[in-house]
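Read the structure below first, then the notes.
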Amino acid sequence: MADFSLTTLFVVPTGSTVLPTQAAPVVVSTQDLGAGAFGFFRNDYTVATAGNVAAAPYFYIAQGRQNSYLQGSKRSDKIKGCPAANCTSNITEFYKVVGCPTAAVQITDVSNWTVQCGDVVTLTLRAHSSYIDTLYFNGLTKSVTVQAPCCDCGADPCADVDAQALVDAFIAKLREQAPGNNPDNTSFNTYYTFERIGSGAASILRISGKPLTKYGVPCDVAAFPHEYDRMWFRTFVYEGPATTADFIVNDACNEVADATIIQRASYPTGTSDEIRQLEKNYYSYQAGYLKHLYRMAGFNQNFESYVVDGAAYTTYYLKYNEIDKTAYNWGDYIPEDSMSIIAVNNADAALIALIDAFLVAALGATAAVAINACITTTSTTTGVPPATTTTTSTLIP
C-alpha cells in the first residue's frame, strides 16, 4: 500500500556519540545545530532531554544542514507523546527496526523416510524470488528421481530402505552439474546447497537456499539501484516419476518423507543501500529549494548524504497527525499525516541508547523495543561434506 505521509528522514552521521545539550558547546536552539548534528527540541526550540520532554506540549526532531542558505535546520513537525496515563498524543504509529544487513536463507529438512526397497522416488524443488518468478511460471521447478537401494533381507520382506543410503543418493544426484553450455540448463547448485544430517534411520536431507547476488549499482545519482528480494522454495518428496507432480500442490497420498522448514528466508534490513535509497525518495520533502534530484551533483548542492557504505542502520519510524486540529476547521481538506524516520549506524551503540532513553521518556516504555531481531546461527556437524553448516537457533514465522 502506498504511504502518502509527509516524510522527513534524519540520517545521523556515523561516529556521533551524544545528543545536543545546553552546555558547551552551546546549543540553545535548532538554529545552532552544526552540519549533520542531530537532536530533539522542545516547543520553544530549546534542547529536549529525557528529563524535561514529558513536561513539554510537544517536541521536534531536528538536524543541522551542510547548506543553510535560504533555509534553517531540517526539522520534523510537532510530536506529542504520551508517556503516562490520562494524556493525549498525536502519534498513530511508532516502531523501531534493528539493522540486520545479512538476510537469512531458507533451510528445509527432509526426514522420516518411508520408502521401500527398489521404489522410485522423486524430489521436486520449486524456487521463488522476484526475479525468478519473472522468468518462470509459478517459480523455477526442477526434479530429480532416484531408485531406492535394494535390500538383502532374505525371506524377510524389508519394509523400509536404508535412509542414509537414500539421502546420499539424492545428494549425489542434486549436486550434479547441468550438461552443456546452455545457460537455460541451470543446475540445483546455482540456488541450493545439500547435505546429510545424522546417519542411519535418522538421516536428514538438509536443503539450504543460497544467498542472492547483489545487484549492480549505477553511477547515476538519480537512479534507484536498491532492490529487495529473497529466494524461498517449496519441497515435494513423493513416490514415482516427476510427471506425477502437480504444478501447484503435490499428491498427499504419495508423500514418502516430511519436508519441514526450519528457517525461513528473510529480507535484509537497515542496509546502507536501503538508507541511501530513502535519502533519494524523501529528498524533495525536506529541501528548502532545488527540490529536484539532479543527476549531476554539481547542479544541486542541497542534496546531503550521511550514509556509510557497508554499515547497518537501526531505524525509528514515527507517524503522527497534525497536533492542532483547528487547522482542519475551514473548508474542504484532505488530512495528511507526517512521518519522521531516524537512521543510526549500529556501530554507534552509545547514541542508540541515548535515543532509546529519550523516546521512552517522551513516548512510553515500549518505545525502545524493536519489532525485529537479527537471526542467530549455530554450527552443526554434517554427515556429507561440507563438514559444517549454519542453522538458526530461533525459527522465523
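We label chains A, B, ... in the order they appear in the C-alpha cells, count residues from 1 in each chain, and number ligands from 1 in the order shown.
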- Message: So that I can see what lies close to Lys214 (chain A), please list as an MDAnalysis selection string the residues with an atom at most 12 Å from it, counting only C-alpha atoms and leaving out residues fewer than 5 positions away in the same chain.
- Response: chainID A and resid 102:103 225:230 268 273
Residue subset to file, keeping C-alpha atoms, as a PDB file, in the first residue's frame:
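That gives us out.pdb:
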```
ATOM      1  CA  THR A 102      22.628 -10.218   6.353  1.00  0.00           C
ATOM      2  CA  ALA A 103      19.469 -11.930   5.182  1.00  0.00           C
ATOM      3  CA  PRO A 225      19.542   0.836  -7.572  1.00  0.00           C
ATOM      4  CA  HIS A 226      18.255  -0.520  -4.266  1.00  0.00           C
ATOM      5  CA  GLU A 227      16.396  -3.795  -4.726  1.00  0.00           C
ATOM      6  CA  TYR A 228      14.993  -6.061  -2.054  1.00  0.00           C
ATOM      7  CA  ASP A 229      14.361  -9.686  -2.795  1.00  0.00           C
ATOM      8  CA  ARG A 230      14.523 -13.104  -1.198  1.00  0.00           C
ATOM      9  CA  PRO A 268      17.942  -7.646   4.907  1.00  0.00           C
ATOM     10  CA  ASP A 273      21.808   0.796   0.165  1.00  0.00           C
TER      11      ASP A 273
END
```
- Query: Looking only at the backbone, which of the residues in region 69-255 of chain A does DSSP tag as alpha helix (DSSP H), as a ChimeraX atom specification?
  - Reply: /A:132-135,163-174
Write the residues you've just listed into a file as a PDB file, in the first residue's frame, and include N, CA and C atoms for each of them.
```
ATOM      1  N   ILE A 132      13.210 -14.641 -10.203  1.00  0.00           N
ATOM      2  CA  ILE A 132      12.913 -15.989 -10.675  1.00  0.00           C
ATOM      3  C   ILE A 132      11.486 -16.067 -11.221  1.00  0.00           C
ATOM      4  N   ASP A 133      10.561 -15.419 -10.527  1.00  0.00           N
ATOM      5  CA  ASP A 133       9.166 -15.502 -10.955  1.00  0.00           C
ATOM      6  C   ASP A 133       8.878 -14.698 -12.214  1.00  0.00           C
ATOM      7  N   THR A 134       9.786 -13.816 -12.608  1.00  0.00           N
ATOM      8  CA  THR A 134       9.615 -13.137 -13.894  1.00  0.00           C
ATOM      9  C   THR A 134      10.098 -14.005 -15.053  1.00  0.00           C
ATOM     10  N   LEU A 135      10.903 -15.024 -14.731  1.00  0.00           N
ATOM     11  CA  LEU A 135      11.453 -15.893 -15.768  1.00  0.00           C
ATOM     12  C   LEU A 135      10.688 -17.197 -15.914  1.00  0.00           C
ATOM     13  N   ALA A 163      17.745 -45.354   5.051  1.00  0.00           N
ATOM     14  CA  ALA A 163      17.534 -43.912   4.831  1.00  0.00           C
ATOM     15  C   ALA A 163      18.842 -43.201   4.516  1.00  0.00           C
ATOM     16  N   GLN A 164      19.934 -43.610   5.141  1.00  0.00           N
ATOM     17  CA  GLN A 164      21.215 -42.949   4.895  1.00  0.00           C
ATOM     18  C   GLN A 164      21.662 -43.133   3.452  1.00  0.00           C
ATOM     19  N   ALA A 165      21.522 -44.345   2.936  1.00  0.00           N
ATOM     20  CA  ALA A 165      21.914 -44.598   1.554  1.00  0.00           C
ATOM     21  C   ALA A 165      21.022 -43.829   0.585  1.00  0.00           C
ATOM     22  N   LEU A 166      19.748 -43.699   0.922  1.00  0.00           N
ATOM     23  CA  LEU A 166      18.830 -42.969   0.058  1.00  0.00           C
ATOM     24  C   LEU A 166      19.167 -41.477   0.043  1.00  0.00           C
ATOM     25  N   VAL A 167      19.444 -40.912   1.203  1.00  0.00           N
ATOM     26  CA  VAL A 167      19.802 -39.486   1.267  1.00  0.00           C
ATOM     27  C   VAL A 167      21.089 -39.234   0.490  1.00  0.00           C
ATOM     28  N   ASP A 168      22.076 -40.106   0.652  1.00  0.00           N
ATOM     29  CA  ASP A 168      23.334 -39.931  -0.069  1.00  0.00           C
ATOM     30  C   ASP A 168      23.119 -40.010  -1.584  1.00  0.00           C
ATOM     31  N   ALA A 169      22.196 -40.888  -2.000  1.00  0.00           N
ATOM     32  CA  ALA A 169      21.904 -40.998  -3.435  1.00  0.00           C
ATOM     33  C   ALA A 169      21.263 -39.711  -3.952  1.00  0.00           C
ATOM     34  N   PHE A 170      20.371 -39.136  -3.164  1.00  0.00           N
ATOM     35  CA  PHE A 170      19.754 -37.875  -3.570  1.00  0.00           C
ATOM     36  C   PHE A 170      20.788 -36.750  -3.645  1.00  0.00           C
ATOM     37  N   ILE A 171      21.671 -36.691  -2.668  1.00  0.00           N
ATOM     38  CA  ILE A 171      22.681 -35.624  -2.656  1.00  0.00           C
ATOM     39  C   ILE A 171      23.573 -35.724  -3.881  1.00  0.00           C
ATOM     40  N   ALA A 172      23.999 -36.943  -4.212  1.00  0.00           N
ATOM     41  CA  ALA A 172      24.845 -37.126  -5.394  1.00  0.00           C
ATOM     42  C   ALA A 172      24.131 -36.653  -6.652  1.00  0.00           C
ATOM     43  N   LYS A 173      22.833 -36.925  -6.735  1.00  0.00           N
ATOM     44  CA  LYS A 173      22.062 -36.525  -7.915  1.00  0.00           C
ATOM     45  C   LYS A 173      21.850 -35.013  -7.944  1.00  0.00           C
ATOM     46  N   LEU A 174      21.557 -34.431  -6.800  1.00  0.00           N
ATOM     47  CA  LEU A 174      21.272 -32.995  -6.719  1.00  0.00           C
ATOM     48  C   LEU A 174      22.509 -32.149  -6.990  1.00  0.00           C
TER      49      LEU A 174
END
```
- Task: Can you work out the spacing between CA of Thr213 (chain A) and CA of Arg126 (chain A) in Å, to one decimal?
- Result: 18.9 Å
- Message: For a test of reading the model, state the distance in Å between CA of Leu359 (chain A) and CA of Gln63 (chain A), rounded to one decimal.
- Response: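 Straight-line distance from CA of Leu359 (chain A) to CA of Gln63 (chain A) works out to 16.6 Å.
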- Item | Close residues, Ala56 (chain A) itself excluded, 8 Å, only C-alpha atoms, min 4 positions apart in chain, as a list in words |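 Contacts, in chain order: Arg42, Asn43 and Asn52 of chain A.
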Put those residues in a file: N, CA and C atoms, as a PDB file, in the first residue's frame.
```pdb
ATOM      1  N   ARG A  42      12.390  21.038  22.418  1.00  0.00           N
ATOM      2  CA  ARG A  42      11.075  21.319  22.965  1.00  0.00           C
ATOM      3  C   ARG A  42      10.317  22.312  22.090  1.00  0.00           C
ATOM      4  N   ASN A  43       9.104  22.613  22.492  1.00  0.00           N
ATOM      5  CA  ASN A  43       8.255  23.509  21.723  1.00  0.00           C
ATOM      6  C   ASN A  43       8.833  24.905  21.565  1.00  0.00           C
ATOM      7  N   ASN A  52      13.196  16.487  30.647  1.00  0.00           N
ATOM      8  CA  ASN A  52      12.253  17.604  30.528  1.00  0.00           C
ATOM      9  C   ASN A  52      11.223  17.450  29.420  1.00  0.00           C
TER      10      ASN A  52
END
```
- Item | Close residues, Val121 (chain A) itself excluded, 6 Å, only C-alpha atoms, min 5 positions apart in chain, as a PyMOL selection string | chain A and resi 145-146+238-240
Write the residues of the preceding selection, restricted to C-alpha atoms, as a compact mmCIF listing (two decimals), in the first residue's frame.
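Final file, part-v9.txt:
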```
# COMPACT_ATOMS: atom_id res chain seq x y z
CA THR A 145 14.47 -39.09 -9.40
CA VAL A 146 16.40 -41.93 -7.77
CA TYR A 238 6.88 -38.45 -3.44
CA GLU A 239 6.83 -41.90 -4.95
CA GLY A 240 7.00 -42.27 -8.71
```
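Across A:Val161, A:Ile204, A:Ile91, A:Val256, the tightest approach to Thr122 (chain A) is made by A:Val256 when counting only C-alpha atoms.
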- Task: May I have the residues within 9 Å of Thr108 (chain A) as a VMD selection string, using only C-alpha atoms and disregarding those fewer than 6 positions away in the same chain?
- Result: chain A and resid 205 to 209 233 to 235 259 to 264
- Message: I need the residue nearest Ala265 (chain A) from this list: A:Thr46, A:Tyr191, A:Met231, A:Val98. Use only C-alpha atoms for the distance.
- Response: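 Ranked by minimum distance to Ala265 (chain A), first place goes to A:Met231.
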- Item | Gap from CA of Ala148 (chain A) to CA of Gln116 (chain A) - Å, one decimal | 7.1 Å
- Excluding region 3-11 of chain A and any residue of its chain fewer than 2 positions from it, enumerate the residues within 8 Å of it, using only C-alpha atoms, and give them as a ChimeraX atom specification. /A:1,13,38,62-63,75-76,278-279,282,285-286,305-307,319,336-344
Take the residues just selected and output them with N, CA and C atoms as a short mmCIF file (atom, residue, chain, number, x, y, z; two decimals), in the first residue's frame.
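Dumped to out_0.cif:
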```
data_model
loop_
_atom_site.label_atom_id
_atom_site.label_comp_id
_atom_site.auth_asym_id
_atom_site.auth_seq_id
_atom_site.Cartn_x
_atom_site.Cartn_y
_atom_site.Cartn_z
N MET A 1 0.85 -1.19 0.00
CA MET A 1 0.00 0.00 0.00
C MET A 1 0.88 1.24 0.00
N PRO A 13 25.03 11.18 11.32
CA PRO A 13 26.39 10.86 10.86
C PRO A 13 27.05 9.81 11.74
N PHE A 38 22.42 16.20 15.18
CA PHE A 38 21.05 15.69 15.33
C PHE A 38 20.63 15.80 16.78
N ALA A 62 15.30 17.48 14.99
CA ALA A 62 15.97 18.46 14.13
C ALA A 62 17.39 18.01 13.82
N GLN A 63 17.90 18.51 12.69
CA GLN A 63 19.26 18.20 12.25
C GLN A 63 19.81 19.38 11.47
N ARG A 75 13.78 20.02 10.13
CA ARG A 75 13.01 19.82 11.35
C ARG A 75 11.73 19.05 11.04
N SER A 76 11.32 18.23 11.98
CA SER A 76 10.06 17.49 11.86
C SER A 76 8.90 18.41 12.20
N LEU A 278 16.38 5.77 0.71
CA LEU A 278 15.43 6.64 1.42
C LEU A 278 15.84 8.10 1.30
N GLU A 279 17.13 8.38 1.31
CA GLU A 279 17.58 9.76 1.13
C GLU A 279 17.09 10.32 -0.21
N TYR A 282 12.96 10.66 -0.24
CA TYR A 282 12.35 11.72 0.58
C TYR A 282 13.10 13.05 0.50
N TYR A 285 10.94 16.21 -0.01
CA TYR A 285 10.05 16.57 1.10
C TYR A 285 10.72 17.52 2.09
N GLN A 286 12.03 17.55 2.12
CA GLN A 286 12.72 18.23 3.20
C GLN A 286 13.72 19.28 2.73
N SER A 305 24.16 13.48 1.98
CA SER A 305 24.12 12.07 2.30
C SER A 305 25.12 11.78 3.42
N TYR A 306 24.63 11.14 4.47
CA TYR A 306 25.49 10.77 5.59
C TYR A 306 25.64 9.26 5.70
N VAL A 307 25.25 8.54 4.68
CA VAL A 307 25.31 7.07 4.72
C VAL A 307 26.74 6.60 4.50
N LYS A 319 4.93 8.03 13.08
CA LYS A 319 3.86 8.60 12.27
C LYS A 319 2.91 9.34 13.19
N GLU A 336 -3.48 15.13 6.06
CA GLU A 336 -2.22 14.49 5.71
C GLU A 336 -1.38 14.36 6.97
N ASP A 337 -1.00 13.14 7.28
CA ASP A 337 -0.16 12.96 8.46
C ASP A 337 1.30 13.11 8.09
N SER A 338 2.14 13.04 9.09
CA SER A 338 3.58 13.19 8.90
C SER A 338 4.28 11.93 9.40
N MET A 339 5.47 11.72 8.90
CA MET A 339 6.30 10.62 9.37
C MET A 339 7.74 11.09 9.48
N SER A 340 8.37 10.73 10.56
CA SER A 340 9.79 11.02 10.75
C SER A 340 10.54 9.70 10.88
N ILE A 341 11.64 9.59 10.15
CA ILE A 341 12.48 8.40 10.19
C ILE A 341 13.86 8.80 10.69
N ILE A 342 14.34 8.10 11.69
CA ILE A 342 15.68 8.34 12.22
C ILE A 342 16.51 7.09 11.93
N ALA A 343 17.66 7.27 11.28
CA ALA A 343 18.55 6.15 10.96
C ALA A 343 19.88 6.36 11.67
N VAL A 344 20.29 5.39 12.47
CA VAL A 344 21.52 5.48 13.26
C VAL A 344 22.37 4.26 12.99
#
```
- Task: Could you tell me which of A:Lys78, A:Lys96, A:Arg295, A:Arg65 comes closest to Gly270 (chain A) if we count only C-alpha atoms?
- Result: A:Lys96
- Query: Using only C-alpha atoms, which residue out of A:Asp162, A:Ala350, A:Tyr316, A:Ala361 lies closest to Thr114 (chain A)?
  - Reply: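 Checking each candidate against Thr114 (chain A), we get A:Asp162 as the closest.
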